[in-house]
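Contents: one structure, followed by commentary.
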Amino acid sequence: MTTNATGSVRIEHEVGLHARPSVKLTQLAKTFQSKIEFAASPDGPWVDAKSIVKVMGSKTPKGTMLHFRAEGEDAPEAVRALIELVERDFEPTS
Amino acid sequence: MNQNVGIVIVSHSPDVARGAADMVRQMVGDDVPLAWCGGAPGGGLGTNVEAILTAIDRAWSEAGVAILVDLGGAETNSEMAVEMLPETRRDRVVICDAPVVEGAVMAGTEASAGSTLEQVRRTAEELRAR
């Protein structure tokens, strides 16, 4: 069953969505089946969260409210996991 | 169990190659087979086919290996190294047309997600088109 999910979180990481955070976000996004996108504004433009080149190219700065939207079987889990990643400042779990 | 695509970094400078490999390790993690080579056999700048073959071997994965190169000889020597591989491996090694440092991090990120060799190459080369 396909579901849609959305959520938002503010980036507090000091350099924003730069090199290492971009890699972590993309890696996590790719563990989900759903199509996942994010944007700095609820109106877009939307960036494919599974494309490392596009995520890094977004150059999203600190303080940005990051809006996620996902579509697919695991959309709610995907959005929740990505928000948690941003909330814990892109540090690994455990 | 590691069947992620491997990454090989070839630079004229061992410092550049090692540094690029460090970036992949620190940013992407340990889930990607990774090897680097650089420098002439007698010291100084350069690349050589034998060292590239060894690096391909160290980073070998059944899913294939993506090579990132810097300039001129790094590319031609890598092509020569690929030609010298056993036939069973030759088709599973690609040389990416991408900047060596950025390409290695992009390719490594893609590879860490279990993507195919073609997807890894495409992601590294996406940098060029931007």
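In the structure tokens, the first chain shown is A, the next is B, and so on; residue numbers restart at 1 for each chain, and ligands run from 1 in the order shown.
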What are the closest atom pairs, with distances in Å to one decimal, for all residues of chain A lying within 12 Å of chain B? Consider only C-alpha atoms, order rows by chain and residue number, and present the result as JSON lines.
{"residue": "A:His18", "atom": "CA", "partner": "B:Met27", "partner_atom": "CA", "distance": 11.0}
{"residue": "A:Ala19", "atom": "CA", "partner": "B:Met27", "partner_atom": "CA", "distance": 7.7}
{"residue": "A:Arg20", "atom": "CA", "partner": "B:Met27", "partner_atom": "CA", "distance": 5.3}
{"residue": "A:Pro21", "atom": "CA", "partner": "B:Met27", "partner_atom": "CA", "distance": 8.4}
{"residue": "A:Ser22", "atom": "CA", "partner": "B:Met27", "partner_atom": "CA", "distance": 9.3}
{"residue": "A:Val23", "atom": "CA", "partner": "B:Thr109", "partner_atom": "CA", "distance": 6.2}
{"residue": "A:Lys24", "atom": "CA", "partner": "B:Val28", "partner_atom": "CA", "distance": 7.5}
{"residue": "A:Leu25", "atom": "CA", "partner": "B:Thr109", "partner_atom": "CA", "distance": 10.2}
{"residue": "A:Thr26", "atom": "CA", "partner": "B:Thr109", "partner_atom": "CA", "distance": 7.7}
{"residue": "A:Gln27", "atom": "CA", "partner": "B:Ala113", "partner_atom": "CA", "distance": 6.1}
{"residue": "A:Leu28", "atom": "CA", "partner": "B:Ala113", "partner_atom": "CA", "distance": 8.5}
{"residue": "A:Ala29", "atom": "CA", "partner": "B:Ala113", "partner_atom": "CA", "distance": 9.3}
{"residue": "A:Lys30", "atom": "CA", "partner": "B:Ala113", "partner_atom": "CA", "distance": 6.2}
{"residue": "A:Thr31", "atom": "CA", "partner": "B:Ala113", "partner_atom": "CA", "distance": 7.0}
{"residue": "A:Phe32", "atom": "CA", "partner": "B:Ala113", "partner_atom": "CA", "distance": 10.3}
{"residue": "A:Gln33", "atom": "CA", "partner": "B:Ala113", "partner_atom": "CA", "distance": 12.0}
{"residue": "A:Lys50", "atom": "CA", "partner": "B:Glu110", "partner_atom": "CA", "distance": 8.9}
{"residue": "A:Ser51", "atom": "CA", "partner": "B:Thr123", "partner_atom": "CA", "distance": 7.8}
{"residue": "A:Ile52", "atom": "CA", "partner": "B:Met106", "partner_atom": "CA", "distance": 6.3}
{"residue": "A:Val53", "atom": "CA", "partner": "B:Leu127", "partner_atom": "CA", "distance": 6.7}
{"residue": "A:Lys54", "atom": "CA", "partner": "B:Glu126", "partner_atom": "CA", "distance": 9.2}
{"residue": "A:Val55", "atom": "CA", "partner": "B:Met106", "partner_atom": "CA", "distance": 10.7}
{"residue": "A:Met56", "atom": "CA", "partner": "B:Met106", "partner_atom": "CA", "distance": 9.4}
{"residue": "A:Gly57", "atom": "CA", "partner": "B:Arg130", "partner_atom": "CA", "distance": 9.0}
{"residue": "A:Ser58", "atom": "CA", "partner": "B:Arg130", "partner_atom": "CA", "distance": 11.9}
{"residue": "A:Phe90", "atom": "CA", "partner": "B:Met27", "partner_atom": "CA", "distance": 11.2}
{"residue": "A:Glu91", "atom": "CA", "partner": "B:Met27", "partner_atom": "CA", "distance": 11.4}
{"residue": "A:Pro92", "atom": "CA", "partner": "B:Gly29", "partner_atom": "CA", "distance": 10.9}
Can you write out the residues you just picked, keeping N, CA and C atoms, as a PDB file, in the first residue's frame?
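As written to disk, selection_0.pdb reads:
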ATOM      1  N   HIS A  18      26.131  20.162   4.321  1.00  0.00           N
ATOM      2  CA  HIS A  18      27.318  20.120   3.473  1.00  0.00           C
ATOM      3  C   HIS A  18      27.809  18.696   3.322  1.00  0.00           C
ATOM      4  N   ALA A  19      29.099  18.544   3.088  1.00  0.00           N
ATOM      5  CA  ALA A  19      29.614  17.245   2.648  1.00  0.00           C
ATOM      6  C   ALA A  19      29.175  16.048   3.499  1.00  0.00           C
ATOM      7  N   ARG A  20      29.641  15.997   4.753  1.00  0.00           N
ATOM      8  CA  ARG A  20      29.373  14.790   5.536  1.00  0.00           C
ATOM      9  C   ARG A  20      27.879  14.608   5.837  1.00  0.00           C
ATOM     10  N   PRO A  21      27.190  15.653   6.276  1.00  0.00           N
ATOM     11  CA  PRO A  21      25.753  15.493   6.505  1.00  0.00           C
ATOM     12  C   PRO A  21      24.996  15.058   5.238  1.00  0.00           C
ATOM     13  N   SER A  22      25.401  15.572   4.087  1.00  0.00           N
ATOM     14  CA  SER A  22      24.745  15.177   2.833  1.00  0.00           C
ATOM     15  C   SER A  22      24.900  13.685   2.581  1.00  0.00           C
ATOM     16  N   VAL A  23      26.122  13.195   2.838  1.00  0.00           N
ATOM     17  CA  VAL A  23      26.367  11.759   2.639  1.00  0.00           C
ATOM     18  C   VAL A  23      25.484  10.946   3.578  1.00  0.00           C
ATOM     19  N   LYS A  24      25.423  11.355   4.857  1.00  0.00           N
ATOM     20  CA  LYS A  24      24.624  10.601   5.840  1.00  0.00           C
ATOM     21  C   LYS A  24      23.142  10.607   5.464  1.00  0.00           C
ATOM     22  N   LEU A  25      22.652  11.768   5.055  1.00  0.00           N
ATOM     23  CA  LEU A  25      21.236  11.871   4.696  1.00  0.00           C
ATOM     24  C   LEU A  25      20.918  10.981   3.490  1.00  0.00           C
ATOM     25  N   THR A  26      21.788  11.050   2.481  1.00  0.00           N
ATOM     26  CA  THR A  26      21.562  10.243   1.273  1.00  0.00           C
ATOM     27  C   THR A  26      21.625   8.754   1.595  1.00  0.00           C
ATOM     28  N   GLN A  27      22.625   8.375   2.389  1.00  0.00           N
ATOM     29  CA  GLN A  27      22.769   6.958   2.739  1.00  0.00           C
ATOM     30  C   GLN A  27      21.516   6.446   3.440  1.00  0.00           C
ATOM     31  N   LEU A  28      20.996   7.247   4.374  1.00  0.00           N
ATOM     32  CA  LEU A  28      19.803   6.823   5.110  1.00  0.00           C
ATOM     33  C   LEU A  28      18.593   6.764   4.182  1.00  0.00           C
ATOM     34  N   ALA A  29      18.440   7.778   3.339  1.00  0.00           N
ATOM     35  CA  ALA A  29      17.295   7.811   2.418  1.00  0.00           C
ATOM     36  C   ALA A  29      17.272   6.575   1.533  1.00  0.00           C
ATOM     37  N   LYS A  30      18.458   6.144   1.134  1.00  0.00           N
ATOM     38  CA  LYS A  30      18.548   5.010   0.224  1.00  0.00           C
ATOM     39  C   LYS A  30      18.204   3.682   0.880  1.00  0.00           C
ATOM     40  N   THR A  31      18.073   3.658   2.205  1.00  0.00           N
ATOM     41  CA  THR A  31      17.690   2.395   2.847  1.00  0.00           C
ATOM     42  C   THR A  31      16.177   2.191   2.781  1.00  0.00           C
ATOM     43  N   PHE A  32      15.432   3.177   2.283  1.00  0.00           N
ATOM     44  CA  PHE A  32      13.976   3.061   2.187  1.00  0.00           C
ATOM     45  C   PHE A  32      13.548   2.876   0.739  1.00  0.00           C
ATOM     46  N   GLN A  33      12.395   2.212   0.592  1.00  0.00           N
ATOM     47  CA  GLN A  33      11.865   1.951  -0.750  1.00  0.00           C
ATOM     48  C   GLN A  33      11.198   3.200  -1.337  1.00  0.00           C
ATOM     49  N   LYS A  50      17.727  10.834  -2.439  1.00  0.00           N
ATOM     50  CA  LYS A  50      18.574   9.666  -2.695  1.00  0.00           C
ATOM     51  C   LYS A  50      19.697   9.982  -3.677  1.00  0.00           C
ATOM     52  N   SER A  51      19.743  11.209  -4.168  1.00  0.00           N
ATOM     53  CA  SER A  51      20.816  11.588  -5.097  1.00  0.00           C
ATOM     54  C   SER A  51      21.866  12.406  -4.358  1.00  0.00           C
ATOM     55  N   ILE A  52      23.018  11.803  -4.103  1.00  0.00           N
ATOM     56  CA  ILE A  52      24.063  12.498  -3.352  1.00  0.00           C
ATOM     57  C   ILE A  52      24.502  13.776  -4.046  1.00  0.00           C
ATOM     58  N   VAL A  53      24.544  13.743  -5.375  1.00  0.00           N
ATOM     59  CA  VAL A  53      24.984  14.936  -6.101  1.00  0.00           C
ATOM     60  C   VAL A  53      23.986  16.080  -5.920  1.00  0.00           C
ATOM     61  N   LYS A  54      22.687  15.735  -5.957  1.00  0.00           N
ATOM     62  CA  LYS A  54      21.665  16.772  -5.801  1.00  0.00           C
ATOM     63  C   LYS A  54      21.556  17.248  -4.353  1.00  0.00           C
ATOM     64  N   VAL A  55      21.707  16.309  -3.406  1.00  0.00           N
ATOM     65  CA  VAL A  55      21.623  16.699  -1.993  1.00  0.00           C
ATOM     66  C   VAL A  55      22.767  17.655  -1.657  1.00  0.00           C
ATOM     67  N   MET A  56      23.983  17.277  -2.060  1.00  0.00           N
ATOM     68  CA  MET A  56      25.132  18.139  -1.764  1.00  0.00           C
ATOM     69  C   MET A  56      25.022  19.446  -2.539  1.00  0.00           C
ATOM     70  N   GLY A  57      24.494  19.352  -3.749  1.00  0.00           N
ATOM     71  CA  GLY A  57      24.348  20.534  -4.587  1.00  0.00           C
ATOM     72  C   GLY A  57      23.298  21.507  -4.066  1.00  0.00           C
ATOM     73  N   SER A  58      22.467  21.060  -3.140  1.00  0.00           N
ATOM     74  CA  SER A  58      21.415  21.943  -2.614  1.00  0.00           C
ATOM     75  C   SER A  58      21.994  23.024  -1.700  1.00  0.00           C
ATOM     76  N   PHE A  90      23.170  14.535  12.610  1.00  0.00           N
ATOM     77  CA  PHE A  90      23.806  13.633  11.644  1.00  0.00           C
ATOM     78  C   PHE A  90      24.801  12.676  12.286  1.00  0.00           C
ATOM     79  N   GLU A  91      24.717  12.541  13.610  1.00  0.00           N
ATOM     80  CA  GLU A  91      25.593  11.574  14.274  1.00  0.00           C
ATOM     81  C   GLU A  91      24.974  10.184  14.115  1.00  0.00           C
ATOM     82  N   PRO A  92      25.828   9.146  14.132  1.00  0.00           N
ATOM     83  CA  PRO A  92      25.279   7.789  14.034  1.00  0.00           C
ATOM     84  C   PRO A  92      24.476   7.420  15.289  1.00  0.00           C
TER      85      PRO A  92
END
Inset, instruction - From a DSSP calculation on the backbone, collect every residue of chain B in helix (DSSP H, G or I) and output the set as an NGL selection string. - result: :B and (14-28 or 49-58 or 72-84 or 87-90 or 100-112 or 117-129)
Write the selection just made, keeping C-alpha atoms, as a PDB file, in the first residue's frame?
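The resulting part.pdb:
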ATOM      1  CA  PRO B  14      50.262   9.572  -3.307  1.00  0.00           C
ATOM      2  CA  ASP B  15      49.225  12.355  -0.932  1.00  0.00           C
ATOM      3  CA  VAL B  16      46.198  13.249  -3.063  1.00  0.00           C
ATOM      4  CA  ALA B  17      45.214   9.602  -3.473  1.00  0.00           C
ATOM      5  CA  ARG B  18      45.578   8.859   0.236  1.00  0.00           C
ATOM      6  CA  GLY B  19      43.744  12.051   1.172  1.00  0.00           C
ATOM      7  CA  ALA B  20      40.855  11.306  -1.167  1.00  0.00           C
ATOM      8  CA  ALA B  21      40.636   7.783   0.274  1.00  0.00           C
ATOM      9  CA  ASP B  22      40.586   9.251   3.810  1.00  0.00           C
ATOM     10  CA  MET B  23      37.659  11.447   2.820  1.00  0.00           C
ATOM     11  CA  VAL B  24      35.727   8.467   1.511  1.00  0.00           C
ATOM     12  CA  ARG B  25      36.445   6.470   4.676  1.00  0.00           C
ATOM     13  CA  GLN B  26      35.478   9.273   7.030  1.00  0.00           C
ATOM     14  CA  MET B  27      32.404  10.491   5.176  1.00  0.00           C
ATOM     15  CA  VAL B  28      31.043   7.293   3.706  1.00  0.00           C
ATOM     16  CA  VAL B  49      49.992  -0.005 -14.163  1.00  0.00           C
ATOM     17  CA  GLU B  50      51.200  -2.530 -11.623  1.00  0.00           C
ATOM     18  CA  ALA B  51      50.185  -0.422  -8.635  1.00  0.00           C
ATOM     19  CA  ILE B  52      46.768   0.154 -10.214  1.00  0.00           C
ATOM     20  CA  LEU B  53      46.317  -3.600 -10.719  1.00  0.00           C
ATOM     21  CA  THR B  54      47.191  -4.192  -7.066  1.00  0.00           C
ATOM     22  CA  ALA B  55      44.721  -1.529  -5.970  1.00  0.00           C
ATOM     23  CA  ILE B  56      41.942  -3.062  -8.098  1.00  0.00           C
ATOM     24  CA  ASP B  57      42.695  -6.376  -6.458  1.00  0.00           C
ATOM     25  CA  ARG B  58      42.539  -4.898  -2.954  1.00  0.00           C
ATOM     26  CA  GLY B  72      46.474  11.992 -18.354  1.00  0.00           C
ATOM     27  CA  GLY B  73      48.646   9.050 -17.344  1.00  0.00           C
ATOM     28  CA  ALA B  74      46.382   8.101 -14.497  1.00  0.00           C
ATOM     29  CA  GLU B  75      43.663   7.472 -17.033  1.00  0.00           C
ATOM     30  CA  THR B  76      45.756   5.757 -19.705  1.00  0.00           C
ATOM     31  CA  ASN B  77      47.533   3.561 -17.165  1.00  0.00           C
ATOM     32  CA  SER B  78      44.185   2.671 -15.600  1.00  0.00           C
ATOM     33  CA  GLU B  79      42.848   1.702 -19.024  1.00  0.00           C
ATOM     34  CA  MET B  80      45.919  -0.454 -19.524  1.00  0.00           C
ATOM     35  CA  ALA B  81      45.447  -2.053 -16.115  1.00  0.00           C
ATOM     36  CA  VAL B  82      41.823  -2.864 -16.929  1.00  0.00           C
ATOM     37  CA  GLU B  83      42.910  -4.482 -20.222  1.00  0.00           C
ATOM     38  CA  MET B  84      45.372  -6.646 -18.305  1.00  0.00           C
ATOM     39  CA  GLU B  87      38.567 -11.620 -18.764  1.00  0.00           C
ATOM     40  CA  THR B  88      36.172 -12.567 -15.989  1.00  0.00           C
ATOM     41  CA  ARG B  89      36.910  -9.298 -14.194  1.00  0.00           C
ATOM     42  CA  ARG B  90      37.460  -6.893 -17.061  1.00  0.00           C
ATOM     43  CA  VAL B 100      38.981  12.469  -8.462  1.00  0.00           C
ATOM     44  CA  VAL B 101      38.196  13.712  -4.950  1.00  0.00           C
ATOM     45  CA  GLU B 102      34.548  14.694  -5.349  1.00  0.00           C
ATOM     46  CA  GLY B 103      33.903  11.736  -7.637  1.00  0.00           C
ATOM     47  CA  ALA B 104      35.343   9.318  -5.075  1.00  0.00           C
ATOM     48  CA  VAL B 105      33.036  10.614  -2.321  1.00  0.00           C
ATOM     49  CA  MET B 106      29.977  10.578  -4.608  1.00  0.00           C
ATOM     50  CA  ALA B 107      30.798   7.123  -5.979  1.00  0.00           C
ATOM     51  CA  GLY B 108      31.504   5.839  -2.470  1.00  0.00           C
ATOM     52  CA  THR B 109      28.182   7.157  -1.178  1.00  0.00           C
ATOM     53  CA  GLU B 110      26.316   5.516  -4.036  1.00  0.00           C
ATOM     54  CA  ALA B 111      28.248   2.263  -3.576  1.00  0.00           C
ATOM     55  CA  SER B 112      27.542   2.173   0.164  1.00  0.00           C
ATOM     56  CA  LEU B 117      28.400  -0.470 -10.846  1.00  0.00           C
ATOM     57  CA  GLU B 118      26.531   1.443 -13.555  1.00  0.00           C
ATOM     58  CA  GLN B 119      24.637   3.497 -10.952  1.00  0.00           C
ATOM     59  CA  VAL B 120      27.880   4.237  -9.131  1.00  0.00           C
ATOM     60  CA  ARG B 121      29.511   5.414 -12.332  1.00  0.00           C
ATOM     61  CA  ARG B 122      26.503   7.517 -13.280  1.00  0.00           C
ATOM     62  CA  THR B 123      26.464   9.241  -9.892  1.00  0.00           C
ATOM     63  CA  ALA B 124      30.172  10.085 -10.071  1.00  0.00           C
ATOM     64  CA  GLU B 125      29.757  11.387 -13.613  1.00  0.00           C
ATOM     65  CA  GLU B 126      26.683  13.419 -12.707  1.00  0.00           C
ATOM     66  CA  LEU B 127      29.124  15.939 -11.262  1.00  0.00           C
ATOM     67  CA  ARG B 128      30.365  16.726 -14.726  1.00  0.00           C
ATOM     68  CA  ALA B 129      26.951  17.646 -16.058  1.00  0.00           C
TER      69      ALA B 129
END
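Compared by their closest atoms to Glu73 of chain A, and using only C-alpha atoms, the residues A:Leu85, A:Ala39, A:Ala49, A:Met1 rank with A:Met1 nearest.
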Gly7 of chain A environment, 9 Å, only C-alpha atoms, sequence neighbours closer than 6 positions dropped, as a short mmCIF file (atom, residue, chain, number, x, y, z; two decimals) with N, CA and C atoms, in the first residue's frame:
data_model
loop_
_atom_site.label_atom_id
_atom_site.label_comp_id
_atom_site.auth_asym_id
_atom_site.auth_seq_id
_atom_site.Cartn_x
_atom_site.Cartn_y
_atom_site.Cartn_z
N LEU A 66 13.83 22.25 6.99
CA LEU A 66 13.88 21.25 5.94
C LEU A 66 12.55 20.51 5.89
N HIS A 67 11.90 20.54 4.74
CA HIS A 67 10.61 19.86 4.59
C HIS A 67 10.83 18.56 3.83
N PHE A 68 10.34 17.48 4.42
CA PHE A 68 10.46 16.18 3.75
C PHE A 68 9.10 15.75 3.24
N ARG A 69 9.10 15.06 2.12
CA ARG A 69 7.89 14.37 1.68
C ARG A 69 8.30 13.03 1.07
N VAL A 79 10.35 9.27 6.63
CA VAL A 79 10.32 10.67 7.06
C VAL A 79 10.75 10.77 8.53
N ARG A 80 10.25 9.84 9.36
CA ARG A 80 10.62 9.85 10.78
C ARG A 80 12.13 9.66 10.95
N ILE A 83 14.12 12.79 9.86
CA ILE A 83 13.98 13.89 10.82
C ILE A 83 14.85 13.61 12.04
#
Inset, instruction - Would you mind writing down, as a PyMOL selection string, each residue of chain A that DSSP on the backbone assigns to strand (DSSP E or B)? - result: chain A and resi 3-10+35-39+47-48+65-72
Could you pull the residues within 10 Å of Leu71 of chain B, counting only C-alpha atoms, minus those fewer than 6 positions along the same chain, as a PDB file with C-alpha atoms, in the first residue's frame?
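The resulting file, around-v2.pdb, is shown below:
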ATOM      1  CA  VAL B  10      44.474   6.773  -8.817  1.00  0.00           C
ATOM      2  CA  SER B  11      46.406  10.029  -8.605  1.00  0.00           C
ATOM      3  CA  HIS B  12      49.863  11.150  -9.685  1.00  0.00           C
ATOM      4  CA  GLY B  46      53.402   9.457 -11.430  1.00  0.00           C
ATOM      5  CA  THR B  47      51.184   6.450 -11.841  1.00  0.00           C
ATOM      6  CA  PRO B  99      36.909  14.782 -10.632  1.00  0.00           C
ATOM      7  CA  VAL B 100      38.981  12.469  -8.462  1.00  0.00           C
TER       8      VAL B 100
END
Legend entry - Near-Gly43 of chain B list (10 Å; only C-alpha atoms; drop same-chain fewer than 4 positions) as a ChimeraX atom specification: /B:13-14,38-39
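Pairwise distance (atom CA of Val69 of chain B, atom CA of Gln3 of chain B) equals 22.6 Å.
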Legend entry - Interatomic distance, atom CA of Phe38 of chain A to atom CA of Ala70 of chain A (Å, one decimal): 8.6 Å
Inset, instruction - Determine the nearest neighbour of Lys35 of chain A from the options A:Leu17, A:Ile11, A:Val47, A:Ala75, counting only C-alpha atoms. - result: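 Closest residue, counting only C-alpha atoms: A:Ala75.
With distances restricted to only C-alpha atoms, A:Glu12 is the closest residue to Glu87 of chain A from A:Glu12, A:Asp43, A:Glu37, A:Asp74.
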Inset, instruction - Please indicate the distance in Å from atom CA of Ala35 of chain B to atom CA of Ile9 of chain B, rounded to one decimal place. - result: 6.4 Å
